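With PDB, C-alpha atoms, pLDDT in the B column inside, this is run.pdb:
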```pdb
MODEL        1
ATOM      1  CA  MET A  29     120.415 103.118 145.853  1.00 43.00           C
ATOM      2  CA  SER A  30     116.936 101.569 145.472  1.00 45.00           C
ATOM      3  CA  GLN A  31     116.376  98.102 146.855  1.00 47.00           C
ATOM      4  CA  GLU A  32     115.644  95.242 144.457  1.00 52.00           C
ATOM      5  CA  PRO A  33     112.012  94.059 144.694  1.00 64.00           C
ATOM      6  CA  THR A  34     111.503  90.782 146.497  1.00 84.00           C
ATOM      7  CA  ALA A  35     111.097  87.834 144.129  1.00 90.00           C
ATOM      8  CA  VAL A  36     107.713  86.109 143.965  1.00 94.00           C
ATOM      9  CA  ARG A  37     108.038  82.764 145.759  1.00 96.00           C
ATOM     10  CA  VAL A  38     106.453  79.918 143.768  1.00 97.00           C
ATOM     11  CA  LEU A  39     105.522  76.311 144.574  1.00 97.00           C
ATOM     12  CA  VAL A  40     104.908  74.053 141.544  1.00 97.00           C
ATOM     13  CA  VAL A  41     102.468  71.150 142.022  1.00 96.00           C
ATOM     14  CA  ASP A  42     102.005  68.408 139.417  1.00 96.00           C
ATOM     15  CA  ASP A  43     101.959  64.613 139.640  1.00 94.00           C
ATOM     16  CA  GLN A  44     103.987  64.219 136.422  1.00 94.00           C
ATOM     17  CA  GLN A  45     107.681  64.707 137.126  1.00 94.00           C
ATOM     18  CA  LEU A  46     108.624  65.844 133.630  1.00 95.00           C
ATOM     19  CA  ILE A  47     105.993  68.579 133.634  1.00 94.00           C
ATOM     20  CA  ARG A  48     106.666  69.546 137.241  1.00 95.00           C
ATOM     21  CA  ASP A  49     110.409  69.857 136.746  1.00 95.00           C
ATOM     22  CA  GLY A  50     109.974  71.576 133.389  1.00 95.00           C
ATOM     23  CA  ILE A  51     107.705  74.293 134.784  1.00 95.00           C
ATOM     24  CA  ALA A  52     110.019  74.808 137.744  1.00 95.00           C
ATOM     25  CA  ALA A  53     113.067  75.097 135.462  1.00 95.00           C
ATOM     26  CA  LEU A  54     111.344  77.568 133.117  1.00 94.00           C
ATOM     27  CA  LEU A  55     110.209  79.813 135.949  1.00 95.00           C
ATOM     28  CA  SER A  56     113.472  79.684 137.881  1.00 93.00           C
ATOM     29  CA  ILE A  57     115.285  81.605 135.119  1.00 93.00           C
ATOM     30  CA  ARG A  58     112.649  84.349 134.888  1.00 92.00           C
ATOM     31  CA  PRO A  59     113.394  87.665 136.610  1.00 91.00           C
ATOM     32  CA  GLY A  60     111.524  88.376 139.817  1.00 91.00           C
ATOM     33  CA  ILE A  61     110.519  84.741 140.403  1.00 94.00           C
ATOM     34  CA  SER A  62     111.977  82.210 142.837  1.00 95.00           C
ATOM     35  CA  VAL A  63     110.814  78.579 142.748  1.00 96.00           C
ATOM     36  CA  VAL A  64     110.949  77.507 146.399  1.00 96.00           C
ATOM     37  CA  GLY A  65     109.790  73.926 145.910  1.00 96.00           C
ATOM     38  CA  THR A  66     107.693  71.350 144.100  1.00 97.00           C
ATOM     39  CA  ALA A  67     105.041  68.833 145.168  1.00 96.00           C
ATOM     40  CA  ILE A  68     103.611  65.697 143.575  1.00 96.00           C
ATOM     41  CA  ASN A  69     100.004  65.899 144.820  1.00 95.00           C
ATOM     42  CA  GLY A  70      97.588  68.077 146.713  1.00 93.00           C
ATOM     43  CA  ARG A  71      98.437  66.632 150.108  1.00 94.00           C
ATOM     44  CA  GLU A  72     102.137  67.354 149.696  1.00 96.00           C
ATOM     45  CA  ALA A  73     101.257  70.773 148.263  1.00 96.00           C
ATOM     46  CA  VAL A  74      99.454  71.721 151.468  1.00 95.00           C
ATOM     47  CA  GLU A  75     102.333  70.501 153.626  1.00 95.00           C
ATOM     48  CA  LYS A  76     104.960  72.359 151.599  1.00 96.00           C
ATOM     49  CA  ALA A  77     102.886  75.531 151.315  1.00 96.00           C
ATOM     50  CA  VAL A  78     102.619  75.700 155.101  1.00 94.00           C
ATOM     51  CA  GLU A  79     106.341  74.975 155.462  1.00 95.00           C
ATOM     52  CA  LEU A  80     107.762  77.126 152.645  1.00 95.00           C
ATOM     53  CA  GLU A  81     105.209  79.979 152.623  1.00 95.00           C
ATOM     54  CA  PRO A  82     105.141  80.582 148.839  1.00 96.00           C
ATOM     55  CA  ASP A  83     103.377  83.633 147.447  1.00 96.00           C
ATOM     56  CA  VAL A  84     101.885  81.675 144.543  1.00 96.00           C
ATOM     57  CA  VAL A  85     101.119  77.985 144.045  1.00 97.00           C
ATOM     58  CA  LEU A  86     100.755  76.618 140.510  1.00 96.00           C
ATOM     59  CA  MET A  87      98.413  73.673 141.010  1.00 95.00           C
ATOM     60  CA  ASP A  88      97.397  70.853 138.672  1.00 94.00           C
ATOM     61  CA  VAL A  89      93.757  69.728 138.889  1.00 92.00           C
ATOM     62  CA  ARG A  90      93.799  65.935 138.663  1.00 90.00           C
ATOM     63  CA  MET A  91      96.244  64.361 141.112  1.00 91.00           C
ATOM     64  CA  PRO A  92      96.275  61.307 143.396  1.00 87.00           C
ATOM     65  CA  GLU A  93      95.603  61.377 147.171  1.00 86.00           C
ATOM     66  CA  LEU A  94      94.256  64.940 147.177  1.00 90.00           C
ATOM     67  CA  ASP A  95      93.291  66.627 143.934  1.00 92.00           C
ATOM     68  CA  GLY A  96      93.949  70.260 143.094  1.00 92.00           C
ATOM     69  CA  VAL A  97      90.473  71.600 143.869  1.00 91.00           C
ATOM     70  CA  GLU A  98      90.404  69.928 147.291  1.00 92.00           C
ATOM     71  CA  ALA A  99      93.920  71.205 147.999  1.00 94.00           C
ATOM     72  CA  VAL A 100      92.869  74.778 147.181  1.00 93.00           C
ATOM     73  CA  ALA A 101      90.048  74.565 149.718  1.00 91.00           C
ATOM     74  CA  VAL A 102      92.434  73.287 152.394  1.00 92.00           C
ATOM     75  CA  LEU A 103      95.003  75.983 151.600  1.00 92.00           C
ATOM     76  CA  ARG A 104      92.401  78.723 152.010  1.00 88.00           C
ATOM     77  CA  GLY A 105      92.270  77.765 155.663  1.00 88.00           C
ATOM     78  CA  ARG A 106      95.895  76.821 156.345  1.00 90.00           C
ATOM     79  CA  ALA A 107      97.747  79.335 154.145  1.00 91.00           C
ATOM     80  CA  PRO A 108      95.237  82.109 153.372  1.00 88.00           C
ATOM     81  CA  GLU A 109      97.874  84.569 152.141  1.00 90.00           C
ATOM     82  CA  CYS A 110      98.987  82.177 149.394  1.00 93.00           C
ATOM     83  CA  ARG A 111      97.398  82.608 145.960  1.00 93.00           C
ATOM     84  CA  VAL A 112      96.673  79.456 143.970  1.00 94.00           C
ATOM     85  CA  VAL A 113      96.525  79.382 140.185  1.00 94.00           C
ATOM     86  CA  MET A 114      95.255  76.187 138.574  1.00 92.00           C
ATOM     87  CA  LEU A 115      97.568  75.125 135.738  1.00 92.00           C
ATOM     88  CA  THR A 116      96.128  72.181 133.874  1.00 89.00           C
ATOM     89  CA  THR A 117      95.208  70.583 130.560  1.00 88.00           C
ATOM     90  CA  PHE A 118      91.512  70.352 131.484  1.00 83.00           C
ATOM     91  CA  ASP A 119      89.261  73.226 130.389  1.00 74.00           C
ATOM     92  CA  ASP A 120      85.977  71.669 131.529  1.00 76.00           C
ATOM     93  CA  GLU A 121      83.718  74.377 132.958  1.00 77.00           C
ATOM     94  CA  GLU A 122      82.854  72.300 136.019  1.00 79.00           C
ATOM     95  CA  TYR A 123      86.517  72.123 137.016  1.00 82.00           C
ATOM     96  CA  VAL A 124      86.812  75.860 136.512  1.00 84.00           C
ATOM     97  CA  VAL A 125      83.791  76.703 138.659  1.00 83.00           C
ATOM     98  CA  GLN A 126      84.787  74.244 141.389  1.00 85.00           C
ATOM     99  CA  ALA A 127      88.330  75.606 141.517  1.00 86.00           C
ATOM    100  CA  LEU A 128      87.240  79.251 141.666  1.00 84.00           C
ATOM    101  CA  ARG A 129      84.624  78.544 144.306  1.00 85.00           C
ATOM    102  CA  ALA A 130      87.255  76.697 146.352  1.00 87.00           C
ATOM    103  CA  GLY A 131      89.354  79.866 146.333  1.00 87.00           C
ATOM    104  CA  ALA A 132      91.676  79.639 143.313  1.00 89.00           C
ATOM    105  CA  SER A 133      92.989  82.951 141.978  1.00 86.00           C
ATOM    106  CA  GLY A 134      92.986  81.837 138.359  1.00 86.00           C
ATOM    107  CA  TYR A 135      92.639  78.973 135.901  1.00 89.00           C
ATOM    108  CA  LEU A 136      95.170  78.614 133.077  1.00 90.00           C
ATOM    109  CA  LEU A 137      96.064  75.909 130.572  1.00 89.00           C
ATOM    110  CA  LYS A 138      99.522  74.381 130.277  1.00 88.00           C
ATOM    111  CA  ASP A 139      99.994  75.291 126.630  1.00 87.00           C
ATOM    112  CA  LEU A 140     100.718  78.968 127.312  1.00 87.00           C
ATOM    113  CA  PRO A 141     104.237  80.304 126.541  1.00 88.00           C
ATOM    114  CA  ALA A 142     106.811  80.438 129.332  1.00 88.00           C
ATOM    115  CA  GLU A 143     106.893  84.243 129.508  1.00 89.00           C
ATOM    116  CA  GLU A 144     103.105  84.395 129.761  1.00 88.00           C
ATOM    117  CA  LEU A 145     103.232  81.871 132.593  1.00 91.00           C
ATOM    118  CA  ALA A 146     105.826  83.995 134.376  1.00 92.00           C
ATOM    119  CA  GLN A 147     103.646  87.072 133.920  1.00 89.00           C
ATOM    120  CA  ALA A 148     100.660  85.122 135.209  1.00 88.00           C
ATOM    121  CA  VAL A 149     102.621  84.352 138.389  1.00 92.00           C
ATOM    122  CA  ARG A 150     103.430  88.039 138.857  1.00 90.00           C
ATOM    123  CA  LEU A 151      99.813  89.068 138.250  1.00 86.00           C
ATOM    124  CA  ALA A 152      98.507  86.444 140.678  1.00 88.00           C
ATOM    125  CA  HIS A 153     100.862  87.781 143.316  1.00 89.00           C
ATOM    126  CA  ALA A 154      99.484  91.260 142.609  1.00 86.00           C
ATOM    127  CA  GLY A 155      95.941  90.008 143.188  1.00 83.00           C
ATOM    128  CA  VAL A 156      94.769  89.769 139.588  1.00 81.00           C
ATOM    129  CA  THR A 157      92.406  86.913 138.763  1.00 78.00           C
ATOM    130  CA  GLN A 158      93.155  85.265 135.424  1.00 80.00           C
ATOM    131  CA  LEU A 159      91.135  82.946 133.210  1.00 79.00           C
ATOM    132  CA  ASP A 160      92.480  81.362 130.054  1.00 79.00           C
ATOM    133  CA  SER A 161      90.576  82.721 127.049  1.00 73.00           C
ATOM    134  CA  SER A 162      89.344  79.255 126.031  1.00 70.00           C
ATOM    135  CA  VAL A 163      88.230  78.620 129.615  1.00 67.00           C
ATOM    136  CA  ALA A 164      86.215  81.848 129.625  1.00 68.00           C
ATOM    137  CA  ALA A 165      84.671  80.828 126.305  1.00 64.00           C
ATOM    138  CA  ARG A 166      83.603  77.435 127.699  1.00 61.00           C
ATOM    139  CA  LEU A 167      82.031  79.136 130.702  1.00 63.00           C
ATOM    140  CA  ALA A 168      80.138  81.450 128.388  1.00 60.00           C
ATOM    141  CA  ALA A 169      78.948  78.483 126.309  1.00 59.00           C
ATOM    142  CA  ALA A 170      77.640  76.766 129.429  1.00 56.00           C
ATOM    143  CA  LEU A 171      75.617  79.770 130.600  1.00 52.00           C
ATOM    144  CA  PRO A 172      72.438  79.183 128.525  1.00 48.00           C
ATOM    145  CA  HIS A 173      71.854  75.998 130.554  1.00 45.00           C
ATOM    146  CA  ALA A 174      71.797  77.852 133.860  1.00 45.00           C
ATOM    147  CA  ALA A 175      69.149  80.282 135.049  1.00 45.00           C
ATOM    148  CA  PRO A 176      70.668  83.650 135.973  1.00 46.00           C
ATOM    149  CA  GLU A 177      69.903  85.261 139.304  1.00 47.00           C
ATOM    150  CA  PRO A 178      67.168  87.909 139.302  1.00 43.00           C
ATOM    151  CA  PRO A 179      68.272  91.514 138.736  1.00 44.00           C
ATOM    152  CA  ALA A 180      67.745  92.261 142.447  1.00 42.00           C
ATOM    153  CA  ALA A 181      70.868  90.173 143.166  1.00 45.00           C
ATOM    154  CA  ALA A 182      72.980  92.894 141.498  1.00 50.00           C
ATOM    155  CA  PRO A 183      72.199  96.140 143.350  1.00 56.00           C
ATOM    156  CA  ALA A 184      72.632  99.461 141.571  1.00 68.00           C
ATOM    157  CA  LEU A 185      75.388  98.683 139.098  1.00 80.00           C
ATOM    158  CA  SER A 186      75.711 101.268 136.362  1.00 81.00           C
ATOM    159  CA  PRO A 187      76.002 100.199 132.709  1.00 82.00           C
ATOM    160  CA  ARG A 188      79.709 101.066 132.850  1.00 87.00           C
ATOM    161  CA  GLU A 189      80.197  98.926 135.975  1.00 87.00           C
ATOM    162  CA  ILE A 190      78.391  96.031 134.301  1.00 86.00           C
ATOM    163  CA  ASP A 191      80.759  96.322 131.330  1.00 87.00           C
ATOM    164  CA  ILE A 192      83.754  96.294 133.676  1.00 90.00           C
ATOM    165  CA  LEU A 193      82.395  93.362 135.708  1.00 89.00           C
ATOM    166  CA  ARG A 194      81.949  91.403 132.487  1.00 87.00           C
ATOM    167  CA  LEU A 195      85.571  92.063 131.485  1.00 88.00           C
ATOM    168  CA  VAL A 196      86.841  91.189 134.983  1.00 87.00           C
ATOM    169  CA  ALA A 197      85.039  87.858 134.625  1.00 84.00           C
ATOM    170  CA  ARG A 198      86.872  87.263 131.361  1.00 83.00           C
ATOM    171  CA  GLY A 199      90.195  87.613 133.156  1.00 81.00           C
ATOM    172  CA  ARG A 200      91.125  91.063 131.844  1.00 84.00           C
ATOM    173  CA  THR A 201      93.555  93.171 133.883  1.00 86.00           C
ATOM    174  CA  ASN A 202      92.745  96.770 134.839  1.00 89.00           C
ATOM    175  CA  ARG A 203      95.138  97.948 132.129  1.00 88.00           C
ATOM    176  CA  GLU A 204      93.446  95.814 129.470  1.00 88.00           C
ATOM    177  CA  ILE A 205      89.991  96.994 130.565  1.00 90.00           C
ATOM    178  CA  ALA A 206      91.148 100.609 130.481  1.00 89.00           C
ATOM    179  CA  ALA A 207      92.466 100.205 126.926  1.00 87.00           C
ATOM    180  CA  GLN A 208      89.296  98.494 125.708  1.00 88.00           C
ATOM    181  CA  LEU A 209      86.893 101.001 127.276  1.00 87.00           C
ATOM    182  CA  TYR A 210      89.078 104.099 126.683  1.00 87.00           C
ATOM    183  CA  LEU A 211      89.375 104.868 130.398  1.00 86.00           C
ATOM    184  CA  SER A 212      92.324 105.567 132.654  1.00 88.00           C
ATOM    185  CA  GLU A 213      93.692 102.641 134.647  1.00 88.00           C
ATOM    186  CA  GLY A 214      92.937 104.552 137.874  1.00 88.00           C
ATOM    187  CA  THR A 215      89.293 104.996 136.852  1.00 89.00           C
ATOM    188  CA  VAL A 216      88.963 101.263 136.184  1.00 90.00           C
ATOM    189  CA  LYS A 217      90.546 100.471 139.542  1.00 89.00           C
ATOM    190  CA  ASN A 218      88.009 102.715 141.282  1.00 89.00           C
ATOM    191  CA  HIS A 219      85.122 101.086 139.406  1.00 88.00           C
ATOM    192  CA  VAL A 220      86.336  97.593 140.380  1.00 89.00           C
ATOM    193  CA  SER A 221      86.570  98.624 144.049  1.00 88.00           C
ATOM    194  CA  ARG A 222      83.000  99.966 143.957  1.00 87.00           C
ATOM    195  CA  ILE A 223      81.730  96.809 142.251  1.00 88.00           C
ATOM    196  CA  LEU A 224      83.314  94.582 144.911  1.00 86.00           C
ATOM    197  CA  SER A 225      81.848  96.781 147.665  1.00 85.00           C
ATOM    198  CA  ARG A 226      78.329  96.945 146.221  1.00 83.00           C
ATOM    199  CA  LEU A 227      78.140  93.202 145.583  1.00 85.00           C
ATOM    200  CA  ALA A 228      79.812  92.364 148.929  1.00 83.00           C
ATOM    201  CA  LEU A 229      82.563  90.416 147.172  1.00 84.00           C
ATOM    202  CA  ARG A 230      86.044  89.672 148.503  1.00 81.00           C
ATOM    203  CA  ASP A 231      88.074  89.731 145.303  1.00 81.00           C
ATOM    204  CA  ARG A 232      88.102  89.433 141.509  1.00 82.00           C
ATOM    205  CA  THR A 233      87.634  85.663 141.699  1.00 79.00           C
ATOM    206  CA  GLN A 234      84.307  86.096 143.451  1.00 81.00           C
ATOM    207  CA  ALA A 235      83.434  88.851 140.980  1.00 84.00           C
ATOM    208  CA  ALA A 236      84.034  86.450 138.074  1.00 82.00           C
ATOM    209  CA  LEU A 237      81.742  83.875 139.671  1.00 82.00           C
ATOM    210  CA  ARG A 238      79.018  86.455 140.339  1.00 82.00           C
ATOM    211  CA  ALA A 239      79.216  87.682 136.740  1.00 82.00           C
ATOM    212  CA  ARG A 240      78.784  84.105 135.552  1.00 78.00           C
ATOM    213  CA  ASP A 241      75.785  83.601 137.846  1.00 78.00           C
ATOM    214  CA  LEU A 242      74.253  86.818 136.531  1.00 77.00           C
ATOM    215  CA  GLY A 243      74.686  85.747 132.912  1.00 74.00           C
ATOM    216  CA  LEU A 244      77.147  88.503 132.024  1.00 75.00           C
ATOM    217  CA  LEU A 245      79.643  86.301 130.154  1.00 66.00           C
TER     218      LEU A 245
ENDMDL
END
```
Rewrite the structure from the file as structure tokens, please.
Amino acid sequence: MSQEPTAVRVLVVDDQQLIRDGIAALLSIRPGISVVGTAINGREAVEKAVELEPDVVLMDVRMPELDGVEAVAVLRGRAPECRVVMLTTFDDEEYVVQALRAGASGYLLKDLPAEELAQAVRLAHAGVTQLDSSVAARLAAALPHAAPEPPAAAPALSPREIDILRLVARGRTNREIAAQLYLSEGTVKNHVSRILSRLALRDRTQAALRARDLGLL
């Protein structure tokens, strides 16, 4: 008999108790997810992440003592295997860029449905970077004010790879990219791997930031 897959371990971080407890309660009844704890600020989030070893941390941005962006940066050093998804009401592009540069694996808004939040947790655990659609739109709107890097900063990307990098930056999964570009999911996965290698990037989060810097959004 096949073994049941291990549940994704989640830590919920928010300074508002009603929201914190509500998110934890909603996720705890979703299949394949186990809420292992909650925290009220970034400092407690770091302590509990080290203690409880969650797979995914859902992190608010604005919190007392240590805010979400600062906590992400600390967690990158103290719990590098943990993936952090910012879950907030703030869609300001500066917060988004700061969070992603600090090492966050995604940036989502709190108004998404419970099942989509649960799926976002599963995707984060699988290594998929996610950006809320309105967040991606705000980043795109901010781009005309920033000078893109010269073409030399993006070595030898084919037109197809540029299309895929642009969609990665918009938070699309490999499956969604495959459907949009009429490719197989395996082909998209291979393209993404080559893009990361050619641009010397660690993951899809860094790819999203590079695409923004290059003016591809």
Point out the residue among A:Pro92, A:Arg37, A:Cys110, A:Leu151 with the least atom-to-atom distance to A:Gly65, counting only C-alpha atoms. A:Arg37
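Here the residues that fall within 12 Å of (95.5, 79.9, 152.8), using all atoms listed in the file, are given as Ala73, Val74, Glu75, Ala77, Val78, Glu81, Pro82, Asp83, Val84, Val85, Ala99, Val100, Ala101, Val102, Leu103, Arg104, Gly105, Arg106, Ala107, Pro108, Glu109, Cys110, Arg111, Val112, Ala130, Gly131, Ala132 and Ser133 of chain A.
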Test item: residues at most 8 Å from stretch 45-50 of chain A, all atoms listed in the file, excluding those fewer than 4 positions along its chain, as a PyMOL selection string: chain A and resi 40-41+54+66+68
Selection file, C-alpha atoms, as a compact mmCIF listing (two decimals), keeping the file's coordinate frame:
```
# COMPACT_ATOMS: atom_id res chain seq x y z
CA VAL A 40 104.91 74.05 141.54
CA VAL A 41 102.47 71.15 142.02
CA LEU A 54 111.34 77.57 133.12
CA THR A 66 107.69 71.35 144.10
CA ILE A 68 103.61 65.70 143.57
```
Go through the shown structure with the PyMOL selection byres ((chain A and resi 220) around 9) and write out the matching residues as a ChimeraX atom specification. /A:189,192-193,196,202,215-219,221-225,232
Can you give me, as a PyMOL selection string, the residues this file yields under the PyMOL selection byres ((chain A and resi 137-150) around 7)? chain A and resi 36+54-55+58+84+115-117+136+151-154+160
